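Chemist: Structure supplied as input14.pdb; contents: PDB, C-alpha atoms.
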ATOM      1  CA  MET U   1     -25.163 -26.424  42.937  1.00  0.00           C
ATOM      2  CA  ALA U   2     -25.422 -28.717  39.927  1.00  0.00           C
ATOM      3  CA  ASP U   3     -26.417 -32.337  40.486  1.00  0.00           C
ATOM      4  CA  THR U   4     -23.922 -34.708  38.900  1.00  0.00           C
ATOM      5  CA  ARG U   5     -25.657 -37.911  39.978  1.00  0.00           C
ATOM      6  CA  PRO U   6     -27.335 -40.227  37.410  1.00  0.00           C
ATOM      7  CA  LEU U   7     -30.679 -39.062  36.062  1.00  0.00           C
ATOM      8  CA  PHE U   8     -32.438 -42.284  37.096  1.00  0.00           C
ATOM      9  CA  VAL U   9     -32.175 -41.338  40.767  1.00  0.00           C
ATOM     10  CA  SER U  10     -35.681 -40.401  41.945  1.00  0.00           C
ATOM     11  CA  ARG U  11     -36.610 -37.052  43.478  1.00  0.00           C
ATOM     12  CA  ARG U  12     -37.566 -38.870  46.678  1.00  0.00           C
ATOM     13  CA  THR U  13     -34.086 -40.397  46.823  1.00  0.00           C
ATOM     14  CA  LEU U  14     -32.503 -37.005  46.255  1.00  0.00           C
ATOM     15  CA  ILE U  15     -34.539 -35.449  49.039  1.00  0.00           C
ATOM     16  CA  ALA U  16     -33.701 -38.278  51.400  1.00  0.00           C
ATOM     17  CA  ALA U  17     -30.017 -37.916  50.556  1.00  0.00           C
ATOM     18  CA  GLY U  18     -30.155 -34.193  51.124  1.00  0.00           C
ATOM     19  CA  LEU U  19     -31.854 -34.484  54.495  1.00  0.00           C
ATOM     20  CA  ALA U  20     -29.681 -37.389  55.626  1.00  0.00           C
ATOM     21  CA  ILE U  21     -26.937 -35.022  56.773  1.00  0.00           C
ATOM     22  CA  VAL U  22     -29.073 -33.966  59.745  1.00  0.00           C
ATOM     23  CA  PRO U  23     -27.504 -35.290  62.967  1.00  0.00           C
ATOM     24  CA  LEU U  24     -29.775 -37.779  64.779  1.00  0.00           C
ATOM     25  CA  PRO U  25     -30.143 -35.601  67.906  1.00  0.00           C
ATOM     26  CA  ALA U  26     -31.658 -32.923  65.682  1.00  0.00           C
ATOM     27  CA  LEU U  27     -34.717 -35.096  65.111  1.00  0.00           C
ATOM     28  CA  ALA U  28     -35.918 -34.401  68.640  1.00  0.00           C
ATOM     29  CA  ALA U  29     -34.608 -30.930  69.274  1.00  0.00           C
ATOM     30  CA  SER U  30     -34.989 -29.051  72.543  1.00  0.00           C
ATOM     31  CA  ASP U  31     -32.826 -26.084  71.478  1.00  0.00           C
ATOM     32  CA  PRO U  32     -34.129 -23.543  68.941  1.00  0.00           C
ATOM     33  CA  VAL U  33     -34.276 -25.057  65.466  1.00  0.00           C
ATOM     34  CA  VAL U  34     -32.828 -23.471  62.334  1.00  0.00           C
ATOM     35  CA  THR U  35     -33.586 -25.122  58.995  1.00  0.00           C
ATOM     36  CA  MET U  36     -31.549 -24.477  55.864  1.00  0.00           C
ATOM     37  CA  LEU U  37     -33.652 -24.804  52.694  1.00  0.00           C
ATOM     38  CA  GLY U  38     -31.255 -25.013  49.798  1.00  0.00           C
ATOM     39  CA  ASP U  39     -29.472 -26.913  47.076  1.00  0.00           C
ATOM     40  CA  SER U  40     -26.197 -28.842  46.923  1.00  0.00           C
ATOM     41  CA  ILE U  41     -24.251 -26.236  48.886  1.00  0.00           C
ATOM     42  CA  THR U  42     -26.630 -26.747  51.786  1.00  0.00           C
ATOM     43  CA  ALA U  43     -26.675 -30.512  51.194  1.00  0.00           C
ATOM     44  CA  GLY U  44     -22.907 -30.722  51.643  1.00  0.00           C
ATOM     45  CA  TYR U  45     -22.095 -31.846  48.116  1.00  0.00           C
ATOM     46  CA  GLY U  46     -18.620 -33.392  47.866  1.00  0.00           C
ATOM     47  CA  LEU U  47     -17.913 -33.094  51.595  1.00  0.00           C
ATOM     48  CA  PRO U  48     -17.943 -35.427  54.591  1.00  0.00           C
ATOM     49  CA  GLN U  49     -20.977 -34.979  56.806  1.00  0.00           C
ATOM     50  CA  ALA U  50     -19.033 -33.199  59.531  1.00  0.00           C
ATOM     51  CA  ALA U  51     -17.887 -30.518  57.074  1.00  0.00           C
ATOM     52  CA  SER U  52     -21.355 -29.741  55.690  1.00  0.00           C
ATOM     53  CA  LEU U  53     -22.750 -26.231  55.998  1.00  0.00           C
ATOM     54  CA  PRO U  54     -25.641 -27.030  58.385  1.00  0.00           C
ATOM     55  CA  ILE U  55     -23.327 -28.724  60.871  1.00  0.00           C
ATOM     56  CA  GLN U  56     -20.678 -26.009  60.614  1.00  0.00           C
ATOM     57  CA  LEU U  57     -23.315 -23.309  61.043  1.00  0.00           C
ATOM     58  CA  GLN U  58     -24.591 -25.060  64.158  1.00  0.00           C
ATOM     59  CA  LEU U  59     -21.072 -25.129  65.588  1.00  0.00           C
ATOM     60  CA  ALA U  60     -20.459 -21.488  64.666  1.00  0.00           C
ATOM     61  CA  LEU U  61     -23.681 -20.450  66.382  1.00  0.00           C
ATOM     62  CA  LYS U  62     -22.750 -22.333  69.536  1.00  0.00           C
ATOM     63  CA  ARG U  63     -19.395 -20.560  69.584  1.00  0.00           C
ATOM     64  CA  LEU U  64     -21.386 -17.318  69.635  1.00  0.00           C
ATOM     65  CA  GLY U  65     -23.304 -18.545  72.660  1.00  0.00           C
ATOM     66  CA  ALA U  66     -26.472 -19.342  70.726  1.00  0.00           C
ATOM     67  CA  PRO U  67     -27.556 -22.937  71.486  1.00  0.00           C
ATOM     68  CA  ASN U  68     -29.392 -24.338  68.501  1.00  0.00           C
ATOM     69  CA  VAL U  69     -30.012 -27.243  66.182  1.00  0.00           C
ATOM     70  CA  VAL U  70     -29.460 -26.654  62.468  1.00  0.00           C
ATOM     71  CA  ARG U  71     -31.301 -28.994  60.152  1.00  0.00           C
ATOM     72  CA  GLY U  72     -30.246 -29.361  56.551  1.00  0.00           C
ATOM     73  CA  ALA U  73     -33.019 -29.372  53.955  1.00  0.00           C
ATOM     74  CA  GLY U  74     -30.797 -29.110  50.903  1.00  0.00           C
ATOM     75  CA  VAL U  75     -31.264 -31.159  47.730  1.00  0.00           C
ATOM     76  CA  SER U  76     -28.625 -31.130  45.008  1.00  0.00           C
ATOM     77  CA  GLY U  77     -29.873 -29.650  41.759  1.00  0.00           C
ATOM     78  CA  ASP U  78     -32.858 -27.851  43.264  1.00  0.00           C
ATOM     79  CA  THR U  79     -33.998 -24.602  41.701  1.00  0.00           C
ATOM     80  CA  THR U  80     -36.197 -22.087  43.474  1.00  0.00           C
ATOM     81  CA  GLN U  81     -39.179 -23.800  41.830  1.00  0.00           C
ATOM     82  CA  ASP U  82     -38.129 -27.140  43.327  1.00  0.00           C
ATOM     83  CA  GLY U  83     -37.642 -25.531  46.712  1.00  0.00           C
ATOM     84  CA  ALA U  84     -41.084 -23.967  46.582  1.00  0.00           C
ATOM     85  CA  ALA U  85     -42.624 -27.340  45.705  1.00  0.00           C
ATOM     86  CA  ARG U  86     -41.195 -29.069  48.764  1.00  0.00           C
ATOM     87  CA  ALA U  87     -40.898 -26.259  51.310  1.00  0.00           C
ATOM     88  CA  ASP U  88     -44.060 -27.250  53.178  1.00  0.00           C
ATOM     89  CA  PHE U  89     -42.910 -30.794  53.917  1.00  0.00           C
ATOM     90  CA  SER U  90     -39.133 -30.280  54.014  1.00  0.00           C
ATOM     91  CA  ILE U  91     -39.381 -27.696  56.801  1.00  0.00           C
ATOM     92  CA  ARG U  92     -40.735 -29.138  60.034  1.00  0.00           C
ATOM     93  CA  SER U  93     -43.184 -27.162  62.110  1.00  0.00           C
ATOM     94  CA  ASP U  94     -40.792 -26.641  65.025  1.00  0.00           C
ATOM     95  CA  SER U  95     -38.381 -24.563  62.919  1.00  0.00           C
ATOM     96  CA  GLN U  96     -38.029 -21.093  64.382  1.00  0.00           C
ATOM     97  CA  VAL U  97     -35.765 -19.670  61.677  1.00  0.00           C
ATOM     98  CA  VAL U  98     -35.396 -20.775  58.065  1.00  0.00           C
ATOM     99  CA  VAL U  99     -32.356 -19.866  56.008  1.00  0.00           C
ATOM    100  CA  VAL U 100     -33.436 -19.835  52.356  1.00  0.00           C
ATOM    101  CA  ALA U 101     -30.361 -20.519  50.234  1.00  0.00           C
ATOM    102  CA  LEU U 102     -31.699 -21.153  46.744  1.00  0.00           C
ATOM    103  CA  GLY U 103     -31.121 -19.595  43.349  1.00  0.00           C
ATOM    104  CA  GLY U 104     -27.766 -21.005  42.305  1.00  0.00           C
ATOM    105  CA  ASN U 105     -29.299 -23.538  39.950  1.00  0.00           C
ATOM    106  CA  ASP U 106     -31.640 -20.900  38.532  1.00  0.00           C
ATOM    107  CA  LEU U 107     -28.486 -18.998  37.713  1.00  0.00           C
ATOM    108  CA  LEU U 108     -26.760 -21.982  36.117  1.00  0.00           C
ATOM    109  CA  GLN U 109     -29.855 -22.750  34.041  1.00  0.00           C
ATOM    110  CA  GLY U 110     -30.443 -19.171  32.977  1.00  0.00           C
ATOM    111  CA  VAL U 111     -33.895 -18.991  34.566  1.00  0.00           C
ATOM    112  CA  ASP U 112     -35.685 -15.678  34.055  1.00  0.00           C
ATOM    113  CA  PRO U 113     -35.036 -13.572  37.194  1.00  0.00           C
ATOM    114  CA  LYS U 114     -38.743 -12.738  37.282  1.00  0.00           C
ATOM    115  CA  THR U 115     -39.477 -16.448  37.732  1.00  0.00           C
ATOM    116  CA  THR U 116     -36.830 -16.750  40.432  1.00  0.00           C
ATOM    117  CA  ARG U 117     -38.360 -13.801  42.243  1.00  0.00           C
ATOM    118  CA  ALA U 118     -41.867 -15.257  42.081  1.00  0.00           C
ATOM    119  CA  ASN U 119     -40.664 -18.578  43.476  1.00  0.00           C
ATOM    120  CA  LEU U 120     -38.754 -16.950  46.328  1.00  0.00           C
ATOM    121  CA  GLU U 121     -41.722 -14.774  47.203  1.00  0.00           C
ATOM    122  CA  LEU U 122     -43.894 -17.883  47.364  1.00  0.00           C
ATOM    123  CA  ILE U 123     -41.427 -19.630  49.678  1.00  0.00           C
ATOM    124  CA  VAL U 124     -41.055 -16.632  51.978  1.00  0.00           C
ATOM    125  CA  ARG U 125     -44.804 -16.045  52.211  1.00  0.00           C
ATOM    126  CA  ARG U 126     -45.449 -19.661  53.134  1.00  0.00           C
ATOM    127  CA  LEU U 127     -42.820 -19.517  55.861  1.00  0.00           C
ATOM    128  CA  LYS U 128     -44.185 -16.269  57.239  1.00  0.00           C
ATOM    129  CA  ALA U 129     -47.663 -17.790  57.300  1.00  0.00           C
ATOM    130  CA  ARG U 130     -46.197 -20.517  59.521  1.00  0.00           C
ATOM    131  CA  HIS U 131     -44.779 -17.822  61.835  1.00  0.00           C
ATOM    132  CA  MET U 132     -41.153 -18.652  61.080  1.00  0.00           C
ATOM    133  CA  GLY U 133     -38.322 -16.164  60.875  1.00  0.00           C
ATOM    134  CA  VAL U 134     -36.720 -15.998  57.440  1.00  0.00           C
ATOM    135  CA  ILE U 135     -33.202 -15.170  56.299  1.00  0.00           C
ATOM    136  CA  LEU U 136     -32.973 -14.885  52.521  1.00  0.00           C
ATOM    137  CA  CYS U 137     -29.487 -15.542  51.158  1.00  0.00           C
ATOM    138  CA  GLY U 138     -28.582 -13.739  47.969  1.00  0.00           C
ATOM    139  CA  LEU U 139     -26.112 -14.638  45.241  1.00  0.00           C
ATOM    140  CA  HIS U 140     -24.235 -12.635  42.641  1.00  0.00           C
ATOM    141  CA  ALA U 141     -24.310 -13.592  38.986  1.00  0.00           C
ATOM    142  CA  PRO U 142     -20.931 -13.657  37.225  1.00  0.00           C
ATOM    143  CA  PRO U 143     -20.513 -10.890  34.642  1.00  0.00           C
ATOM    144  CA  GLU U 144     -19.860 -13.515  31.967  1.00  0.00           C
ATOM    145  CA  LEU U 145     -23.613 -14.108  31.835  1.00  0.00           C
ATOM    146  CA  GLY U 146     -24.151 -10.598  30.560  1.00  0.00           C
ATOM    147  CA  ALA U 147     -24.501  -7.316  32.376  1.00  0.00           C
ATOM    148  CA  GLY U 148     -28.266  -7.160  31.964  1.00  0.00           C
ATOM    149  CA  TYR U 149     -28.961 -10.645  33.268  1.00  0.00           C
ATOM    150  CA  ALA U 150     -26.488 -10.265  36.126  1.00  0.00           C
ATOM    151  CA  ARG U 151     -28.072  -6.971  37.165  1.00  0.00           C
ATOM    152  CA  ASP U 152     -31.599  -8.377  37.099  1.00  0.00           C
ATOM    153  CA  PHE U 153     -30.620 -11.574  38.920  1.00  0.00           C
ATOM    154  CA  ASP U 154     -28.679  -9.772  41.639  1.00  0.00           C
ATOM    155  CA  ALA U 155     -31.639  -7.445  42.226  1.00  0.00           C
ATOM    156  CA  VAL U 156     -34.047 -10.316  42.964  1.00  0.00           C
ATOM    157  CA  PHE U 157     -32.895 -11.061  46.504  1.00  0.00           C
ATOM    158  CA  PRO U 158     -32.924  -7.547  48.003  1.00  0.00           C
ATOM    159  CA  ALA U 159     -36.236  -6.879  46.259  1.00  0.00           C
ATOM    160  CA  VAL U 160     -37.876  -9.952  47.782  1.00  0.00           C
ATOM    161  CA  ALA U 161     -36.428  -9.275  51.222  1.00  0.00           C
ATOM    162  CA  LYS U 162     -37.660  -5.679  51.168  1.00  0.00           C
ATOM    163  CA  ALA U 163     -41.096  -6.526  49.813  1.00  0.00           C
ATOM    164  CA  GLU U 164     -41.646  -9.312  52.329  1.00  0.00           C
ATOM    165  CA  GLY U 165     -39.954  -7.658  55.289  1.00  0.00           C
ATOM    166  CA  VAL U 166     -37.431 -10.430  55.966  1.00  0.00           C
ATOM    167  CA  THR U 167     -33.716 -10.406  56.717  1.00  0.00           C
ATOM    168  CA  LEU U 168     -31.385 -10.328  53.716  1.00  0.00           C
ATOM    169  CA  TYR U 169     -27.967 -11.964  53.770  1.00  0.00           C
ATOM    170  CA  PRO U 170     -26.612 -10.342  50.599  1.00  0.00           C
ATOM    171  CA  ASP U 171     -24.208 -13.002  49.314  1.00  0.00           C
ATOM    172  CA  LEU U 172     -24.042 -16.582  50.572  1.00  0.00           C
ATOM    173  CA  LEU U 173     -20.667 -17.099  48.883  1.00  0.00           C
ATOM    174  CA  ALA U 174     -19.051 -13.849  50.003  1.00  0.00           C
ATOM    175  CA  GLY U 175     -15.312 -14.299  50.413  1.00  0.00           C
ATOM    176  CA  VAL U 176     -15.424 -17.781  48.884  1.00  0.00           C
ATOM    177  CA  SER U 177     -16.648 -17.519  45.309  1.00  0.00           C
ATOM    178  CA  ARG U 178     -13.950 -17.696  42.604  1.00  0.00           C
ATOM    179  CA  ASN U 179     -11.210 -18.500  45.101  1.00  0.00           C
ATOM    180  CA  PRO U 180      -9.611 -21.820  44.033  1.00  0.00           C
ATOM    181  CA  ALA U 181      -8.255 -22.406  47.540  1.00  0.00           C
ATOM    182  CA  LEU U 182     -11.786 -22.351  48.973  1.00  0.00           C
ATOM    183  CA  ASN U 183     -13.645 -24.340  46.333  1.00  0.00           C
ATOM    184  CA  GLN U 184     -13.759 -27.884  45.066  1.00  0.00           C
ATOM    185  CA  GLY U 185     -12.428 -28.819  41.667  1.00  0.00           C
ATOM    186  CA  ASP U 186     -15.646 -27.833  39.891  1.00  0.00           C
ATOM    187  CA  ALA U 187     -15.077 -24.202  40.974  1.00  0.00           C
ATOM    188  CA  ILE U 188     -18.715 -24.067  42.116  1.00  0.00           C
ATOM    189  CA  HIS U 189     -19.011 -25.902  45.408  1.00  0.00           C
ATOM    190  CA  PRO U 190     -17.063 -24.697  48.461  1.00  0.00           C
ATOM    191  CA  ASN U 191     -14.602 -27.062  50.059  1.00  0.00           C
ATOM    192  CA  ALA U 192     -14.347 -27.561  53.820  1.00  0.00           C
ATOM    193  CA  LYS U 193     -12.345 -24.351  54.260  1.00  0.00           C
ATOM    194  CA  GLY U 194     -14.873 -22.435  52.198  1.00  0.00           C
ATOM    195  CA  VAL U 195     -17.751 -23.797  54.256  1.00  0.00           C
ATOM    196  CA  LEU U 196     -16.058 -22.628  57.442  1.00  0.00           C
ATOM    197  CA  ILE U 197     -15.922 -19.102  56.061  1.00  0.00           C
ATOM    198  CA  ILE U 198     -19.564 -19.185  54.963  1.00  0.00           C
ATOM    199  CA  ALA U 199     -20.707 -20.512  58.339  1.00  0.00           C
ATOM    200  CA  GLY U 200     -18.642 -17.965  60.230  1.00  0.00           C
ATOM    201  CA  LYS U 201     -20.068 -15.038  58.276  1.00  0.00           C
ATOM    202  CA  LEU U 202     -23.648 -16.301  58.350  1.00  0.00           C
ATOM    203  CA  ALA U 203     -23.767 -17.264  62.034  1.00  0.00           C
ATOM    204  CA  PRO U 204     -24.067 -13.741  63.515  1.00  0.00           C
ATOM    205  CA  VAL U 205     -26.995 -12.995  61.214  1.00  0.00           C
ATOM    206  CA  VAL U 206     -28.759 -16.191  62.247  1.00  0.00           C
ATOM    207  CA  ALA U 207     -28.004 -15.534  65.921  1.00  0.00           C
ATOM    208  CA  ARG U 208     -29.663 -12.116  65.686  1.00  0.00           C
ATOM    209  CA  GLU U 209     -32.724 -13.645  64.048  1.00  0.00           C
ATOM    210  CA  LEU U 210     -32.932 -16.300  66.759  1.00  0.00           C
ATOM    211  CA  LYS U 211     -32.725 -13.595  69.412  1.00  0.00           C
ATOM    212  CA  LYS U 212     -35.603 -11.736  67.782  1.00  0.00           C
ATOM    213  CA  ARG U 213     -37.676 -14.900  67.745  1.00  0.00           C
ATOM    214  CA  ALA U 214     -36.969 -15.527  71.422  1.00  0.00           C
TER     215      ALA U 214
END
Take the structure I supplied and represent it as structure tokens, if you would.

Modeler:
Amino acid sequence: MADTRPLFVSRRTLIAAGLAIVPLPALAASDPVVTMLGDSITAGYGLPQAASLPIQLQLALKRLGAPNVVRGAGVSGDTTQDGAARADFSIRSDSQVVVVALGGNDLLQGVDPKTTRANLELIVRRLKARHMGVILCGLHAPPELGAGYARDFDAVFPAVAKAEGVTLYPDLLAGVSRNPALNQGDAIHPNAKGVLIIAGKLAPVVARELKKRA
């Protein structure tokens, strides 16, 4: 989730790097389009392009018999505030379903959960206004951050999903977090095996949302 690249790299460069993982055929999609709005986990930090989460989710969906194109709109280091600032132009108008996978950098930076909630609500409302289906991916704060903060942070995602009437995927990193065999050396970003697990668990939820949109 954290961005380890030099600080002189511009935001435009970061966005371009994050969106560069989209396969070329996805730029003119005929199948239903899913866009993943996220941070470095969505951007495929530390992984070859073929192992990135958007591509693996696309493959997992196709194995379920759900033809699709998954576009990555992940930028390393993005908080929910950053995601809200670029959601309108990072998510193209032909997206039928948007997977919102933000909040990890809020967690790492100790952002007030009330601020995280307000940003996520803004993102979700903008997507709904564009008639897009939304899947909101939650995260769980480690207890080391304090019981009170962890409780308040964890509560943000189900609260937003309920208030806005969108699908909640409770924990993006379920089955992967804190497992050294499934994470890169920083113990934050999933490795290729971890991404496979995330994609496999997330795909049925996305497939159901696509079916609703159809």

Chemist: If the PyMOL selection byres ((chain U and resi 130-134) around 12) is run on the structure shown, which residues does it catch, given as a PyMOL selection string?

Modeler: chain U and resi 32-37+87-88+91-101+120-121+123-129+135-137+160-161+164-169+205-214

Chemist: When you draw a straight line from CA of Ser40 (chain U) to CA of Gly74 (chain U), how long is it in Å?

Modeler: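 Between CA of Ser40 (chain U) and CA of Gly74 (chain U) the gap is 6.1 Å.
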
Chemist: Pick out the residues sitting within 6 Å of region 59-67 of chain U, and hand them over as JSON, numbers by chain; count all atoms listed in the file, and ignore anything fewer than 2 positions along from it in its own chain.

Modeler: {"U": [56, 57, 200, 203]}

Chemist: Output the selection as a CSV table (one decimal), keeping the file's coordinate frame - C-alpha atoms for each residue.

Modeler:
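Final file, again.csv:
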chain,number,residue,atom,x,y,z
U,56,GLN,CA,-20.7,-26.0,60.6
U,57,LEU,CA,-23.3,-23.3,61.0
U,200,GLY,CA,-18.6,-18.0,60.2
U,203,ALA,CA,-23.8,-17.3,62.0

Chemist: Would you translate the PyMOL selection byres ((chain U and resi 69) around 7) into the concrete set of residues it matches in this file, as a PyMOL selection string?

Modeler: chain U and resi 26+29+31-34+58+68+70-71

Chemist: Would you mind telling me which residue in U:Lys162, U:Lys193, U:His140, U:Arg86 lies nearest to Leu47 (chain U) when using all atoms listed in the file?

Modeler: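 Checking each of U:Lys162, U:Lys193, U:His140, U:Arg86 against Leu47 (chain U), counting all atoms listed in the file, the winner is U:Lys193.
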
Chemist: At what distance in Å, to one decimal, does CA of Leu139 (chain U) lie from CA of Asn191 (chain U)?

Modeler: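 These two atoms are separated by 17.6 Å.
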
Chemist: Need the shell around Ala174 (chain U): protein/DNA/RNA residues with any atom at most 9 Å away, counting all atoms listed in the file. Skip same-chain ones fewer than 5 positions apart. Format as a ChimeraX atom specification?

Modeler: /U:139,197-198,201

Chemist: Using all atoms listed in the file for the distances, tell me which of U:Asp39, U:Asp106, U:Asp186, U:Asp152 is nearest to Ala73 (chain U).

Modeler: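 Residue with the minimum atom-to-atom distance to Ala73 (chain U): U:Asp39.
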
Chemist: Could you check which of U:Gly83, U:Pro180, U:Ser76, U:Ala147 is closest to Gly46 (chain U), using all atoms listed in the file?

Modeler: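 Among the listed residues, U:Ser76 lies closest to Gly46 (chain U).
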
Chemist: Centre and edge lengths, as lines of an AutoDock Vina configuration file, for the axis-aligned box enclosing every listed atom of region 134-151 of chain U with 5 Å of padding on each of the six sides, in Å to one decimal?

Modeler:
center_x = -28.3
center_y = -11.5
center_z = 44.0
size_x = 26.9
size_y = 19.0
size_z = 36.9

Chemist: May I ask which of the residues U:Ala51, U:Ala118, U:Leu102, U:Ala84 is the closest one to Ala163 (chain U), counting all atoms listed in the file?

Modeler: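 The closest residue to Ala163 (chain U) is U:Ala118.
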
Chemist: Show me, as a PDB file with C-alpha atoms, keeping the file's coordinate frame, the residues that have an atom within 12 Å of Leu107 (chain U) when counting all atoms listed in the file, minus same-chain residues fewer than 2 positions from it.

Modeler:
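Below is the file around.pdb, written as the result:
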ATOM      1  CA  MET U   1     -25.163 -26.424  42.937  1.00  0.00           C
ATOM      2  CA  ALA U   2     -25.422 -28.717  39.927  1.00  0.00           C
ATOM      3  CA  GLY U  77     -29.873 -29.650  41.759  1.00  0.00           C
ATOM      4  CA  ASP U  78     -32.858 -27.851  43.264  1.00  0.00           C
ATOM      5  CA  THR U  79     -33.998 -24.602  41.701  1.00  0.00           C
ATOM      6  CA  THR U  80     -36.197 -22.087  43.474  1.00  0.00           C
ATOM      7  CA  LEU U 102     -31.699 -21.153  46.744  1.00  0.00           C
ATOM      8  CA  GLY U 103     -31.121 -19.595  43.349  1.00  0.00           C
ATOM      9  CA  GLY U 104     -27.766 -21.005  42.305  1.00  0.00           C
ATOM     10  CA  ASN U 105     -29.299 -23.538  39.950  1.00  0.00           C
ATOM     11  CA  GLN U 109     -29.855 -22.750  34.041  1.00  0.00           C
ATOM     12  CA  GLY U 110     -30.443 -19.171  32.977  1.00  0.00           C
ATOM     13  CA  VAL U 111     -33.895 -18.991  34.566  1.00  0.00           C
ATOM     14  CA  ASP U 112     -35.685 -15.678  34.055  1.00  0.00           C
ATOM     15  CA  PRO U 113     -35.036 -13.572  37.194  1.00  0.00           C
ATOM     16  CA  THR U 115     -39.477 -16.448  37.732  1.00  0.00           C
ATOM     17  CA  THR U 116     -36.830 -16.750  40.432  1.00  0.00           C
ATOM     18  CA  GLY U 138     -28.582 -13.739  47.969  1.00  0.00           C
ATOM     19  CA  LEU U 139     -26.112 -14.638  45.241  1.00  0.00           C
ATOM     20  CA  HIS U 140     -24.235 -12.635  42.641  1.00  0.00           C
ATOM     21  CA  ALA U 141     -24.310 -13.592  38.986  1.00  0.00           C
ATOM     22  CA  PRO U 142     -20.931 -13.657  37.225  1.00  0.00           C
ATOM     23  CA  PRO U 143     -20.513 -10.890  34.642  1.00  0.00           C
ATOM     24  CA  GLU U 144     -19.860 -13.515  31.967  1.00  0.00           C
ATOM     25  CA  LEU U 145     -23.613 -14.108  31.835  1.00  0.00           C
ATOM     26  CA  GLY U 146     -24.151 -10.598  30.560  1.00  0.00           C
ATOM     27  CA  TYR U 149     -28.961 -10.645  33.268  1.00  0.00           C
ATOM     28  CA  ALA U 150     -26.488 -10.265  36.126  1.00  0.00           C
ATOM     29  CA  ASP U 152     -31.599  -8.377  37.099  1.00  0.00           C
ATOM     30  CA  PHE U 153     -30.620 -11.574  38.920  1.00  0.00           C
ATOM     31  CA  ASP U 154     -28.679  -9.772  41.639  1.00  0.00           C
ATOM     32  CA  VAL U 156     -34.047 -10.316  42.964  1.00  0.00           C
ATOM     33  CA  ILE U 188     -18.715 -24.067  42.116  1.00  0.00           C
TER      34      ILE U 188
END

Chemist: Could you please determine the separation between CA of Arg151 (chain U) and CA of Ala43 (chain U) in Å, to one decimal place?

Modeler: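 Atom-to-atom, CA of Arg151 (chain U) and CA of Ala43 (chain U) are spaced 27.4 Å apart.
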
Chemist: Can you complete the atoms of region 101-115 of chain U to N, CA and C atoms and list them as a PDB file, in the coordinates of the input?

Modeler:
ATOM      1  N   ALA U 101     -31.605 -20.634  51.011  1.00  0.00           N
ATOM      2  CA  ALA U 101     -30.361 -20.519  50.234  1.00  0.00           C
ATOM      3  C   ALA U 101     -30.543 -21.207  48.890  1.00  0.00           C
ATOM      4  N   LEU U 102     -31.387 -20.617  48.069  1.00  0.00           N
ATOM      5  CA  LEU U 102     -31.699 -21.153  46.744  1.00  0.00           C
ATOM      6  C   LEU U 102     -31.440 -20.080  45.689  1.00  0.00           C
ATOM      7  N   GLY U 103     -31.309 -20.529  44.464  1.00  0.00           N
ATOM      8  CA  GLY U 103     -31.121 -19.595  43.349  1.00  0.00           C
ATOM      9  C   GLY U 103     -29.911 -19.913  42.501  1.00  0.00           C
ATOM     10  N   GLY U 104     -28.967 -20.691  43.063  1.00  0.00           N
ATOM     11  CA  GLY U 104     -27.766 -21.005  42.305  1.00  0.00           C
ATOM     12  C   GLY U 104     -28.046 -21.805  41.040  1.00  0.00           C
ATOM     13  N   ASN U 105     -28.981 -22.741  41.133  1.00  0.00           N
ATOM     14  CA  ASN U 105     -29.299 -23.538  39.950  1.00  0.00           C
ATOM     15  C   ASN U 105     -30.162 -22.763  38.960  1.00  0.00           C
ATOM     16  N   ASP U 106     -30.960 -21.822  39.442  1.00  0.00           N
ATOM     17  CA  ASP U 106     -31.640 -20.900  38.532  1.00  0.00           C
ATOM     18  C   ASP U 106     -30.600 -20.160  37.696  1.00  0.00           C
ATOM     19  N   LEU U 107     -29.554 -19.736  38.376  1.00  0.00           N
ATOM     20  CA  LEU U 107     -28.486 -18.998  37.713  1.00  0.00           C
ATOM     21  C   LEU U 107     -27.794 -19.864  36.669  1.00  0.00           C
ATOM     22  N   LEU U 108     -27.456 -21.086  37.043  1.00  0.00           N
ATOM     23  CA  LEU U 108     -26.760 -21.982  36.117  1.00  0.00           C
ATOM     24  C   LEU U 108     -27.627 -22.353  34.921  1.00  0.00           C
ATOM     25  N   GLN U 109     -28.936 -22.382  35.112  1.00  0.00           N
ATOM     26  CA  GLN U 109     -29.855 -22.750  34.041  1.00  0.00           C
ATOM     27  C   GLN U 109     -30.394 -21.556  33.269  1.00  0.00           C
ATOM     28  N   GLY U 110     -29.994 -20.367  33.676  1.00  0.00           N
ATOM     29  CA  GLY U 110     -30.443 -19.171  32.977  1.00  0.00           C
ATOM     30  C   GLY U 110     -31.921 -18.880  33.152  1.00  0.00           C
ATOM     31  N   VAL U 111     -32.480 -19.239  34.303  1.00  0.00           N
ATOM     32  CA  VAL U 111     -33.895 -18.991  34.566  1.00  0.00           C
ATOM     33  C   VAL U 111     -34.158 -17.492  34.596  1.00  0.00           C
ATOM     34  N   ASP U 112     -35.289 -17.089  34.046  1.00  0.00           N
ATOM     35  CA  ASP U 112     -35.685 -15.678  34.055  1.00  0.00           C
ATOM     36  C   ASP U 112     -35.722 -15.181  35.497  1.00  0.00           C
ATOM     37  N   PRO U 113     -35.017 -14.088  35.820  1.00  0.00           N
ATOM     38  CA  PRO U 113     -35.036 -13.572  37.194  1.00  0.00           C
ATOM     39  C   PRO U 113     -36.437 -13.285  37.720  1.00  0.00           C
ATOM     40  N   LYS U 114     -37.373 -12.964  36.832  1.00  0.00           N
ATOM     41  CA  LYS U 114     -38.743 -12.738  37.282  1.00  0.00           C
ATOM     42  C   LYS U 114     -39.345 -14.022  37.846  1.00  0.00           C
ATOM     43  N   THR U 115     -38.997 -15.156  37.237  1.00  0.00           N
ATOM     44  CA  THR U 115     -39.477 -16.448  37.732  1.00  0.00           C
ATOM     45  C   THR U 115     -38.826 -16.777  39.069  1.00  0.00           C
TER      46      THR U 115
END
